[in-house]
Amino acid sequence: MTTILKFSIALTMLFLVGTVNAQKLDGAYSGTLEVQGMQMELIFNISPTDDGHRATLDVPMQGASGIELDSVVLQDENVTITSAKMGLTYTGAVSGETIEGTFEQMGQKYPLTLKKTVKTKPGNTALPSTDEELAKLAAKSKGNFKYSVEDYFKTPEAYSFQLSPDGKFISYLKRRETGERDLYLKETATQKETLLIKQDEDVIRGFFWANNNRILYMQDKGGDENHHVYGVDVTGENKSELTPFEGVKVNIIESLKEDEDHVIVQMNKDNPQQEEPYRLNINTGEVTKLYTVKAGDPPVSSYDFDRKGNLRAINRIVDGINMELLYKIDGEFKRVKLTEFGDTFGIISFNPATENPDDAYVISNLDGDKIEIQLYDLKANKKLKTLFSNDTFDVSGVSLSRKRNYEIDYFSYTGEKTVVKPVSETYKKIYARLKREFGEKQFFTIGKTDDESQYMIAVTSDKIVGEYYIYDVKNDTVTLLYKLLPHLKVEDMATMKPIKFQSRDGLTLYGYITLPADYKKGQKLPLIVNPHGGPQGIRDYWGFNPEAQLFASRGYATLHVNFRVSGGYGKEFLKAGFGQIGRKAMDDVEDGVDYAIAQGWVDKNRVAIYGGSHGGYAVLRGMTKTPEKYACGVDYVGVSNLHTFMGTIPPYWEKYRELLYKIWYNPEIPEEKAIMDEISPALHVDKITKPLFVVQGANDPRVNIDEADQIVESLRSKGVEVPYMVKYDEGHGFAKEENRLDFYKAMMGFFAQHLK
C-alpha cells in the first residue's frame, strides 16, 4: 500500500524519447495499477516528435491531467519508460494496441497493462450546453445598466498588496488586458515597477514574503487543488519549483521569522490521506521531514510550531470524531486535551513574552458556549486567565507585536460586522489615528514591516470593494496606495443590512439582506437567496459582496442566512446543525425567505435560490423539498447525491470521513442511510419542476463532475429545462476571469428569463 500511495502522489514529469521503430505508439494508453485492493488509472498520451515521441500523463483519480513526461526508449518490440527523478521504471512488450509490462518503484514491482484508448474529457461530454446556447442565455439579460458584469467581476488592475519585511518593496498581483494576473514588485522609494512572475496557464493562488529577498508563491494545475510551492528572488533570479511532487497537496504552515532560509510546509507526499510536516529550504528545495504519522496511529489534523520551528504540539482525530491535543513534555508528546467535535481547544500562538515556555494563547469553548481567548499553561494543563470573550459571538483574533516582545496589540471578532478591540497603548494610538482617518468604514491592519514603522491598512465596507493604505508611524501619514475597482462608485452601490430573526423551532438566526440602491419602501422585489458553502463553521459576512451588488444593480434583492451549523455563533448553534444538513438547516434558509417576504421586501412568486458547493446542494435540496417556494435555481459545483459524493472525496479528506458522517450522515447506519436517500436531490428529480441552471468545474476534486452530470441527465429526461455550463480547466469554483465572466453573464440571463 505504501509504495503505490507514494506513486499516486509523486508522479512527475516523464518524457518519452528514444529510438522509434516500426511500432507506432501515437495515441492514449490507459492502464490500472492495483495494489492491496487499491486501483489507480494512468493514461499516457503519446505524440510524435522529430526525433521520437513525447507524452503527457493523466491521473484521473487525482484530478490531474497534462503532466509532462520524462523519457522512453523503444527497442524492437520492447518499451522502457523511466523517471530518474522519481526512481520509476516501466518496461513492457508492445503488441498491436497493447503493452504488457511491469511497473517498478523503490524495489517493488507491479504488473501494468496499457491499452490504447480514446482519451475523453471528464464526465459525459454530450451533456454540457454549447457556447452558442449559453451565449443566447446570457443575451436574455437586457437593460440600460450603468455597470456591466465585467465591472463587478473582472480582476482588479492590481490587488493582494503585501509589504516586504523591510518596507523597501510592495508586492501585488496585476491584471493583464486578457485577464491573467502576474506578480509584480514596486520599490517604495522610487516607485519603480518590475514584473516578477508572469502567469502561464495556471493561476497564482497566493504568495508571501519569506524574507527581504525572496517571495514564495503557490500554484496548482487546472484547479486540482494540489498546490505546489515556488520561489523567486526579488531580482527575478533563482525562480524554481520547490515542491515538484505530482499529485501532492502542499500548504505553508509556518514562515519562521527566526530562520530566513526555511519555512514549514505540510504535504501528503508519503501518504495521500495524511499531511505531514517538513522543513523546506526556500533556496534549494531541500525538505526534511519533521514528523511521521505511523501506520495505525490516529490521523493528524494539524501541527503547532513555535517561532524557532520546533514542533510543540500535534492535533489528532481519535475514534474518527474526537480531537486530541498532544503537547511535548520532557521530550515526549503527551495528551493534554480530548474534546468531542464541536468543542474547541486550540493553540493560537506560544507566548514568547513569558519566562514559562509552556504558556500559550489558546482559543477554547470548554468553559462555556462561546469561543474565548485564554492564556494557558499547557504543561500544567491549566487556564491562567481569560483574556477576551463576548457573550453573543465567538472570538478568535489576536495580534502580537514582535518588536515589543510579543505584546498584545489587539483582539478581534466578527459579529454582525467585524470588531477590533485595541489593547496595547501603542496600538490604541494607531487605532485612534486610523479611526479619525476612516470613520465608520471597516479598516484592518493586514501587514507591517519588521520594525513596525509602516503598517499596511485595508479599508472596506458594504459599498467599498477595498482600499489599500500605508500608515507611516514616524511621520504620522496615511497614504493611499490603491483602490480596487474604483469605477464602482459608492453612491451607486446597495446597502447590506444585518438582520436577525427566529427559526420555526426557536433559534435566533442572523443574516444579511441587500436591496437595490434605488429601493423604495413598499416595493416587492424578486429575491435571490444564497446559502453559503461549507457548511460547518463557515458563515456569511458583512462587507462588499460583488454578487449581491450585481444582483441589486439588476433589480434583485439578495438574502444571506447563517443557518444552524454556521460558525461564529457558539458551539450549541454549530452542533444544532449536525445531522440536519438538508433538513433543519434547510428550514432555516426557508425561514429567512419567509422573513424577507413578511418584511414586505419580496414578491413571494419571484424567489430564486443560488449557491456553490454546499450552497449548490441547498439549491437542489430546496427545489425538491419545497419546490413551490422557488421560481428557479442555480447550482454551482453542488452535491446532488450524498452517496456518490461520499464515495468520491479526495484522499486527503479520508481522515475526516467520520467527521463528515457526523456533520452529514453515515451511510452505514440504516436510519441515516434512509435520510440520505430522502434528501439526495438526484434521487427525487421528479419533484424538481422549475428551471435549473447547473455549473461545474470538470477537475473538481471535492464535488466530482458526476454530481452535476447525473442531475442534468435525469432532469432533461423528464423535460425540465437545464442549461449546463462545464469548464474543463477549472476545479471547485472558477478561478480564471474569462470563466467567471461567462458564468455570471449566463446566470444573469437565466434570472432575467425566470424572475422578471
# chains A, B, ... in the order shown; residues from 1 in each chain; ligands from 1

$ select_by_dssp --residues "stretch 631-684 of chain A" --states "strand (DSSP E or B)" --output "number ranges by chain"
A: 632-636

$ residues_around --residues "stretch 530-545 of chain A" --least-positions-apart "5" --cutoff "9 Å" --atoms "only C-alpha atoms" --output "PDB file with C-alpha atoms, in the first residue's frame"
ATOM      1  CA  THR A 414     -16.870  39.007  13.807  1.00  0.00           C
ATOM      2  CA  GLY A 415     -20.401  39.681  14.963  1.00  0.00           C
ATOM      3  CA  GLU A 416     -22.839  41.409  12.658  1.00  0.00           C
ATOM      4  CA  LYS A 417     -19.716  43.246  11.487  1.00  0.00           C
ATOM      5  CA  THR A 418     -16.018  42.850  12.333  1.00  0.00           C
ATOM      6  CA  GLN A 442     -14.121  48.909   8.322  1.00  0.00           C
ATOM      7  CA  THR A 460     -13.740  48.220   3.108  1.00  0.00           C
ATOM      8  CA  SER A 461     -17.477  48.444   3.701  1.00  0.00           C
ATOM      9  CA  ASP A 462     -20.623  47.075   2.129  1.00  0.00           C
ATOM     10  CA  LYS A 463     -20.171  49.687  -0.629  1.00  0.00           C
ATOM     11  CA  ILE A 464     -16.363  49.752  -0.961  1.00  0.00           C
ATOM     12  CA  VAL A 465     -14.589  46.853  -2.660  1.00  0.00           C
ATOM     13  CA  GLY A 466     -11.314  47.598  -0.946  1.00  0.00           C
ATOM     14  CA  MET A 496     -26.106  45.296   3.033  1.00  0.00           C
ATOM     15  CA  LYS A 497     -28.247  45.321   6.156  1.00  0.00           C
ATOM     16  CA  PRO A 498     -27.706  42.908   9.078  1.00  0.00           C
ATOM     17  CA  GLY A 511     -28.038  37.106   8.206  1.00  0.00           C
ATOM     18  CA  TYR A 512     -27.999  39.973   5.724  1.00  0.00           C
ATOM     19  CA  LEU A 550     -24.560  42.728  -9.320  1.00  0.00           C
ATOM     20  CA  THR A 558     -30.208  39.131  -2.075  1.00  0.00           C
ATOM     21  CA  LEU A 559     -30.618  37.185   1.168  1.00  0.00           C
ATOM     22  CA  HIS A 560     -27.802  35.538   3.136  1.00  0.00           C
ATOM     23  CA  VAL A 561     -28.773  33.337   6.086  1.00  0.00           C
ATOM     24  CA  ASN A 562     -26.292  31.988   8.619  1.00  0.00           C
ATOM     25  CA  PHE A 563     -28.237  28.809   9.223  1.00  0.00           C
ATOM     26  CA  ARG A 564     -27.523  26.372  12.064  1.00  0.00           C
ATOM     27  CA  VAL A 565     -24.084  24.725  11.731  1.00  0.00           C
ATOM     28  CA  SER A 566     -22.631  28.073  10.599  1.00  0.00           C
ATOM     29  CA  GLY A 567     -19.568  29.238  12.521  1.00  0.00           C
ATOM     30  CA  GLY A 568     -19.165  32.142  14.913  1.00  0.00           C
ATOM     31  CA  LEU A 574     -22.930  24.712  15.480  1.00  0.00           C
ATOM     32  CA  GLY A 577     -26.836  21.560  12.605  1.00  0.00           C
ATOM     33  CA  PHE A 578     -25.101  18.186  12.944  1.00  0.00           C
ATOM     34  CA  ILE A 581     -27.988  19.251   6.637  1.00  0.00           C
ATOM     35  CA  VAL A 589     -32.976  29.119   4.836  1.00  0.00           C
ATOM     36  CA  ALA A 608     -34.679  32.129  -6.837  1.00  0.00           C
ATOM     37  CA  ILE A 609     -32.115  30.048  -4.958  1.00  0.00           C
ATOM     38  CA  TYR A 610     -28.443  30.084  -5.897  1.00  0.00           C
ATOM     39  CA  GLY A 611     -25.340  28.680  -4.215  1.00  0.00           C
ATOM     40  CA  GLY A 612     -21.985  26.953  -4.594  1.00  0.00           C
ATOM     41  CA  SER A 613     -20.638  23.722  -3.070  1.00  0.00           C
ATOM     42  CA  HIS A 614     -22.927  23.041  -0.072  1.00  0.00           C
ATOM     43  CA  GLY A 615     -24.867  26.056  -1.331  1.00  0.00           C
ATOM     44  CA  GLY A 616     -25.293  24.209  -4.635  1.00  0.00           C
ATOM     45  CA  TYR A 617     -26.609  21.236  -2.710  1.00  0.00           C
ATOM     46  CA  ALA A 618     -29.010  23.562  -0.883  1.00  0.00           C
ATOM     47  CA  VAL A 619     -30.286  24.755  -4.270  1.00  0.00           C
ATOM     48  CA  ILE A 663     -21.924  16.567  10.277  1.00  0.00           C
TER      49      ILE A 663
END

$ residues_around --residues "stretch 668-676 of chain A" --least-positions-apart "4" --cutoff "9 Å" --atoms "only C-alpha atoms" --output "PyMOL selection string"
chain A and resi 579+641-643+664+680

$ residues_around --residues "stretch 682-689 of chain A" --least-positions-apart "6" --cutoff "12 Å" --atoms "only C-alpha atoms" --output "number ranges by chain"
A: 617, 619-633, 638-645, 674-676, 706-722

$ atom_distance --atom1 "atom CA of A:Glu324" --atom2 "atom CA of A:Asn251"
21.8 Å

$ atom_distance --atom1 "atom CA of A:Ala552" --atom2 "atom CA of A:Pro723"
23.4 Å

$ residues_around --residues "A:Gln753" --least-positions-apart "2" --cutoff "9 Å" --atoms "only C-alpha atoms" --output "number ranges by chain"
A: 137, 140-141, 748-751, 755-756

$ write_last_selection --atoms "N, CA, C and O atoms" --output "short mmCIF file (atom, residue, chain, number, x, y, z; two decimals), in the first residue's frame"
data_model
loop_
_atom_site.label_atom_id
_atom_site.label_comp_id
_atom_site.auth_asym_id
_atom_site.auth_seq_id
_atom_site.Cartn_x
_atom_site.Cartn_y
_atom_site.Cartn_z
N LEU A 137 -28.46 32.38 -23.79
CA LEU A 137 -28.99 32.54 -22.44
C LEU A 137 -28.53 33.87 -21.85
O LEU A 137 -29.34 34.63 -21.29
N LYS A 140 -30.33 37.16 -22.76
CA LYS A 140 -31.67 37.44 -22.24
C LYS A 140 -31.67 38.54 -21.18
O LYS A 140 -32.71 39.07 -20.82
N SER A 141 -30.48 38.84 -20.63
CA SER A 141 -30.38 39.94 -19.67
C SER A 141 -30.21 41.24 -20.44
O SER A 141 -29.12 41.54 -20.95
N MET A 748 -27.11 35.76 -15.15
CA MET A 748 -27.99 36.92 -15.20
C MET A 748 -29.04 36.77 -16.30
O MET A 748 -30.18 37.20 -16.14
N GLY A 749 -28.66 36.12 -17.42
CA GLY A 749 -29.66 35.84 -18.45
C GLY A 749 -30.71 34.86 -17.96
O GLY A 749 -31.91 35.01 -18.24
N PHE A 750 -30.26 33.88 -17.19
CA PHE A 750 -31.18 32.88 -16.63
C PHE A 750 -32.17 33.54 -15.67
O PHE A 750 -33.38 33.29 -15.73
N PHE A 751 -31.68 34.40 -14.78
CA PHE A 751 -32.58 35.10 -13.86
C PHE A 751 -33.52 36.05 -14.60
O PHE A 751 -34.70 36.17 -14.25
N LEU A 755 -37.19 35.39 -13.52
CA LEU A 755 -37.59 36.17 -12.34
C LEU A 755 -38.26 37.49 -12.69
O LEU A 755 -38.87 38.11 -11.83
N LYS A 756 -38.10 37.96 -13.92
CA LYS A 756 -38.67 39.26 -14.28
C LYS A 756 -40.19 39.18 -14.46
O LYS A 756 -40.72 38.15 -14.83
#

$ residues_around --residues "A:Tyr152" --least-positions-apart "3" --cutoff "10 Å" --atoms "only C-alpha atoms" --output "PDB file with N, CA, C and O atoms, in the first residue's frame"
ATOM      1  N   TYR A 147     -23.578  49.527 -14.891  1.00  0.00           N
ATOM      2  CA  TYR A 147     -22.385  48.696 -14.727  1.00  0.00           C
ATOM      3  C   TYR A 147     -22.601  47.337 -15.383  1.00  0.00           C
ATOM      4  O   TYR A 147     -23.669  46.732 -15.257  1.00  0.00           O
ATOM      5  N   SER A 148     -21.562  46.859 -16.054  1.00  0.00           N
ATOM      6  CA  SER A 148     -21.614  45.549 -16.709  1.00  0.00           C
ATOM      7  C   SER A 148     -21.173  44.451 -15.745  1.00  0.00           C
ATOM      8  O   SER A 148     -20.655  44.728 -14.651  1.00  0.00           O
ATOM      9  N   VAL A 149     -21.361  43.205 -16.160  1.00  0.00           N
ATOM     10  CA  VAL A 149     -20.850  42.081 -15.376  1.00  0.00           C
ATOM     11  C   VAL A 149     -19.347  42.223 -15.194  1.00  0.00           C
ATOM     12  O   VAL A 149     -18.807  41.973 -14.104  1.00  0.00           O
ATOM     13  N   THR A 155     -10.952  40.934 -12.915  1.00  0.00           N
ATOM     14  CA  THR A 155      -9.874  41.011 -11.938  1.00  0.00           C
ATOM     15  C   THR A 155      -9.435  42.466 -11.795  1.00  0.00           C
ATOM     16  O   THR A 155      -9.250  43.155 -12.796  1.00  0.00           O
ATOM     17  N   PRO A 156      -9.278  42.981 -10.562  1.00  0.00           N
ATOM     18  CA  PRO A 156      -8.804  44.364 -10.406  1.00  0.00           C
ATOM     19  C   PRO A 156      -7.473  44.573 -11.121  1.00  0.00           C
ATOM     20  O   PRO A 156      -6.691  43.635 -11.299  1.00  0.00           O
ATOM     21  N   VAL A 465     -15.239  48.138  -2.383  1.00  0.00           N
ATOM     22  CA  VAL A 465     -14.589  46.853  -2.660  1.00  0.00           C
ATOM     23  C   VAL A 465     -13.376  46.678  -1.777  1.00  0.00           C
ATOM     24  O   VAL A 465     -13.196  45.640  -1.124  1.00  0.00           O
ATOM     25  N   LEU A 485     -11.215  48.334  -8.041  1.00  0.00           N
ATOM     26  CA  LEU A 485     -12.410  48.614  -8.849  1.00  0.00           C
ATOM     27  C   LEU A 485     -12.992  49.991  -8.532  1.00  0.00           C
ATOM     28  O   LEU A 485     -14.167  50.126  -8.151  1.00  0.00           O
ATOM     29  N   HIS A 487     -14.062  52.264 -10.309  1.00  0.00           N
ATOM     30  CA  HIS A 487     -15.171  52.686 -11.173  1.00  0.00           C
ATOM     31  C   HIS A 487     -16.528  52.373 -10.548  1.00  0.00           C
ATOM     32  O   HIS A 487     -17.546  52.910 -10.978  1.00  0.00           O
ATOM     33  N   LEU A 488     -16.559  51.494  -9.546  1.00  0.00           N
ATOM     34  CA  LEU A 488     -17.814  51.200  -8.847  1.00  0.00           C
ATOM     35  C   LEU A 488     -18.016  52.278  -7.781  1.00  0.00           C
ATOM     36  O   LEU A 488     -17.439  52.220  -6.692  1.00  0.00           O
ATOM     37  N   ASN A 545     -19.996  42.598  -1.291  1.00  0.00           N
ATOM     38  CA  ASN A 545     -20.267  41.310  -1.913  1.00  0.00           C
ATOM     39  C   ASN A 545     -20.586  41.558  -3.384  1.00  0.00           C
ATOM     40  O   ASN A 545     -21.655  42.073  -3.710  1.00  0.00           O
ATOM     41  N   PRO A 546     -19.664  41.217  -4.304  1.00  0.00           N
ATOM     42  CA  PRO A 546     -19.885  41.564  -5.712  1.00  0.00           C
ATOM     43  C   PRO A 546     -21.105  40.882  -6.313  1.00  0.00           C
ATOM     44  O   PRO A 546     -21.760  41.461  -7.192  1.00  0.00           O
ATOM     45  N   GLU A 547     -21.426  39.667  -5.837  1.00  0.00           N
ATOM     46  CA  GLU A 547     -22.628  39.017  -6.351  1.00  0.00           C
ATOM     47  C   GLU A 547     -23.873  39.790  -5.949  1.00  0.00           C
ATOM     48  O   GLU A 547     -24.742  40.075  -6.785  1.00  0.00           O
ATOM     49  N   GLN A 549     -24.112  42.865  -5.135  1.00  0.00           N
ATOM     50  CA  GLN A 549     -24.147  44.162  -5.807  1.00  0.00           C
ATOM     51  C   GLN A 549     -24.592  44.019  -7.266  1.00  0.00           C
ATOM     52  O   GLN A 549     -25.372  44.835  -7.772  1.00  0.00           O
ATOM     53  N   LEU A 550     -24.105  42.977  -7.950  1.00  0.00           N
ATOM     54  CA  LEU A 550     -24.560  42.728  -9.320  1.00  0.00           C
ATOM     55  C   LEU A 550     -26.059  42.466  -9.339  1.00  0.00           C
ATOM     56  O   LEU A 550     -26.797  43.039 -10.155  1.00  0.00           O
ATOM     57  N   LEU A 741     -16.628  35.362 -15.845  1.00  0.00           N
ATOM     58  CA  LEU A 741     -17.489  36.271 -16.596  1.00  0.00           C
ATOM     59  C   LEU A 741     -18.539  35.504 -17.392  1.00  0.00           C
ATOM     60  O   LEU A 741     -19.713  35.894 -17.429  1.00  0.00           O
ATOM     61  N   TYR A 744     -21.293  34.395 -14.798  1.00  0.00           N
ATOM     62  CA  TYR A 744     -22.214  35.419 -14.301  1.00  0.00           C
ATOM     63  C   TYR A 744     -23.093  35.985 -15.411  1.00  0.00           C
ATOM     64  O   TYR A 744     -24.255  36.318 -15.176  1.00  0.00           O
TER      65      TYR A 744
END

$ select_by_dssp --residues "stretch 92-221 of chain A" --states "helix (DSSP H, G or I)" --output "ChimeraX atom specification"
/A:131-138,149-153

$ write_last_selection --atoms "N, CA and C atoms" --output "PDB file, in the first residue's frame"
ATOM      1  N   ASP A 131     -21.481  26.587 -26.448  1.00  0.00           N
ATOM      2  CA  ASP A 131     -21.168  28.002 -26.244  1.00  0.00           C
ATOM      3  C   ASP A 131     -22.264  28.884 -26.827  1.00  0.00           C
ATOM      4  N   GLU A 132     -22.797  28.469 -27.959  1.00  0.00           N
ATOM      5  CA  GLU A 132     -23.856  29.246 -28.599  1.00  0.00           C
ATOM      6  C   GLU A 132     -25.113  29.278 -27.737  1.00  0.00           C
ATOM      7  N   GLU A 133     -25.461  28.132 -27.148  1.00  0.00           N
ATOM      8  CA  GLU A 133     -26.650  28.067 -26.292  1.00  0.00           C
ATOM      9  C   GLU A 133     -26.474  28.947 -25.058  1.00  0.00           C
ATOM     10  N   LEU A 134     -25.286  28.924 -24.473  1.00  0.00           N
ATOM     11  CA  LEU A 134     -25.041  29.731 -23.286  1.00  0.00           C
ATOM     12  C   LEU A 134     -24.985  31.215 -23.624  1.00  0.00           C
ATOM     13  N   ALA A 135     -24.483  31.542 -24.807  1.00  0.00           N
ATOM     14  CA  ALA A 135     -24.475  32.941 -25.236  1.00  0.00           C
ATOM     15  C   ALA A 135     -25.900  33.465 -25.421  1.00  0.00           C
ATOM     16  N   LYS A 136     -26.779  32.632 -25.966  1.00  0.00           N
ATOM     17  CA  LYS A 136     -28.182  33.021 -26.119  1.00  0.00           C
ATOM     18  C   LYS A 136     -28.838  33.223 -24.757  1.00  0.00           C
ATOM     19  N   LEU A 137     -28.462  32.383 -23.790  1.00  0.00           N
ATOM     20  CA  LEU A 137     -28.993  32.542 -22.441  1.00  0.00           C
ATOM     21  C   LEU A 137     -28.532  33.867 -21.850  1.00  0.00           C
ATOM     22  N   ALA A 138     -27.235  34.176 -21.978  1.00  0.00           N
ATOM     23  CA  ALA A 138     -26.703  35.428 -21.441  1.00  0.00           C
ATOM     24  C   ALA A 138     -27.387  36.635 -22.065  1.00  0.00           C
ATOM     25  N   VAL A 149     -21.361  43.205 -16.160  1.00  0.00           N
ATOM     26  CA  VAL A 149     -20.850  42.081 -15.376  1.00  0.00           C
ATOM     27  C   VAL A 149     -19.347  42.223 -15.194  1.00  0.00           C
ATOM     28  N   GLU A 150     -18.645  42.646 -16.248  1.00  0.00           N
ATOM     29  CA  GLU A 150     -17.198  42.832 -16.147  1.00  0.00           C
ATOM     30  C   GLU A 150     -16.839  43.840 -15.071  1.00  0.00           C
ATOM     31  N   ASP A 151     -17.649  44.862 -14.908  1.00  0.00           N
ATOM     32  CA  ASP A 151     -17.351  45.892 -13.915  1.00  0.00           C
ATOM     33  C   ASP A 151     -17.288  45.319 -12.504  1.00  0.00           C
ATOM     34  N   TYR A 152     -18.091  44.309 -12.246  1.00  0.00           N
ATOM     35  CA  TYR A 152     -18.111  43.701 -10.915  1.00  0.00           C
ATOM     36  C   TYR A 152     -17.102  42.574 -10.762  1.00  0.00           C
ATOM     37  N   PHE A 153     -16.853  41.829 -11.845  1.00  0.00           N
ATOM     38  CA  PHE A 153     -16.116  40.578 -11.693  1.00  0.00           C
ATOM     39  C   PHE A 153     -14.816  40.473 -12.465  1.00  0.00           C
TER      40      PHE A 153
END

$ residues_around --residues "A:Thr292" --least-positions-apart "5" --cutoff "12 Å" --atoms "only C-alpha atoms" --output "list in words"
Gln266, Met267, Asn268, Lys269, Asp270, Asn271, Gln274, Glu275, Glu276, Pro277, Tyr278, Asp297, Pro298, Pro299, Val300, Tyr303 and Ile314 of chain A

$ closest_residue --among "A:Asp394, A:Glu225, A:Asp742, A:Asp492" --to "A:Tyr652" --atoms "only C-alpha atoms"
A:Glu225

$ closest_residue --among "A:Val73, A:Thr56, A:Phe388, A:Arg554" --to "A:Phe145" --atoms "only C-alpha atoms"
A:Arg554

$ closest_residue --among "A:Thr194, A:Thr648, A:Ser164, A:Gln374" --to "A:Asp182" --atoms "only C-alpha atoms"
A:Thr194

$ decode --residues "stretch 456-467 of chain A" --atoms "N, CA, C and O atoms" --output "short mmCIF file (atom, residue, chain, number, x, y, z; two decimals), in the first residue's frame"
data_model
loop_
_atom_site.label_atom_id
_atom_site.label_comp_id
_atom_site.auth_asym_id
_atom_site.auth_seq_id
_atom_site.Cartn_x
_atom_site.Cartn_y
_atom_site.Cartn_z
N MET A 456 0.40 48.30 6.69
CA MET A 456 -0.50 48.29 5.54
C MET A 456 -1.92 48.12 6.06
O MET A 456 -2.21 47.22 6.85
N ILE A 457 -2.80 49.00 5.60
CA ILE A 457 -4.17 49.04 6.08
C ILE A 457 -5.12 48.76 4.92
O ILE A 457 -4.98 49.34 3.84
N ALA A 458 -6.06 47.88 5.14
CA ALA A 458 -7.13 47.62 4.17
C ALA A 458 -8.42 48.24 4.69
O ALA A 458 -8.76 48.10 5.87
N VAL A 459 -9.12 48.93 3.81
CA VAL A 459 -10.37 49.60 4.17
C VAL A 459 -11.48 49.06 3.28
O VAL A 459 -11.30 48.90 2.06
N THR A 460 -12.62 48.74 3.89
CA THR A 460 -13.74 48.22 3.11
C THR A 460 -15.04 48.58 3.81
O THR A 460 -15.06 49.09 4.93
N SER A 461 -16.14 48.32 3.13
CA SER A 461 -17.48 48.44 3.70
C SER A 461 -18.40 47.66 2.79
O SER A 461 -17.95 46.99 1.86
N ASP A 462 -19.70 47.76 3.03
CA ASP A 462 -20.62 47.08 2.13
C ASP A 462 -20.67 47.74 0.76
O ASP A 462 -21.16 47.14 -0.21
N LYS A 463 -20.13 48.96 0.64
CA LYS A 463 -20.17 49.69 -0.63
C LYS A 463 -18.78 49.96 -1.22
O LYS A 463 -18.68 50.54 -2.29
N ILE A 464 -17.74 49.55 -0.51
CA ILE A 464 -16.36 49.75 -0.96
C ILE A 464 -15.70 48.39 -1.16
O ILE A 464 -15.61 47.60 -0.22
N VAL A 465 -15.24 48.14 -2.38
CA VAL A 465 -14.59 46.85 -2.66
C VAL A 465 -13.38 46.68 -1.78
O VAL A 465 -13.20 45.64 -1.12
N GLY A 466 -12.52 47.67 -1.76
CA GLY A 466 -11.31 47.60 -0.95
C GLY A 466 -10.37 48.72 -1.31
O GLY A 466 -10.21 49.07 -2.48
N GLU A 467 -9.74 49.29 -0.30
CA GLU A 467 -8.73 50.32 -0.49
C GLU A 467 -7.52 49.98 0.35
O GLU A 467 -7.66 49.53 1.49
#
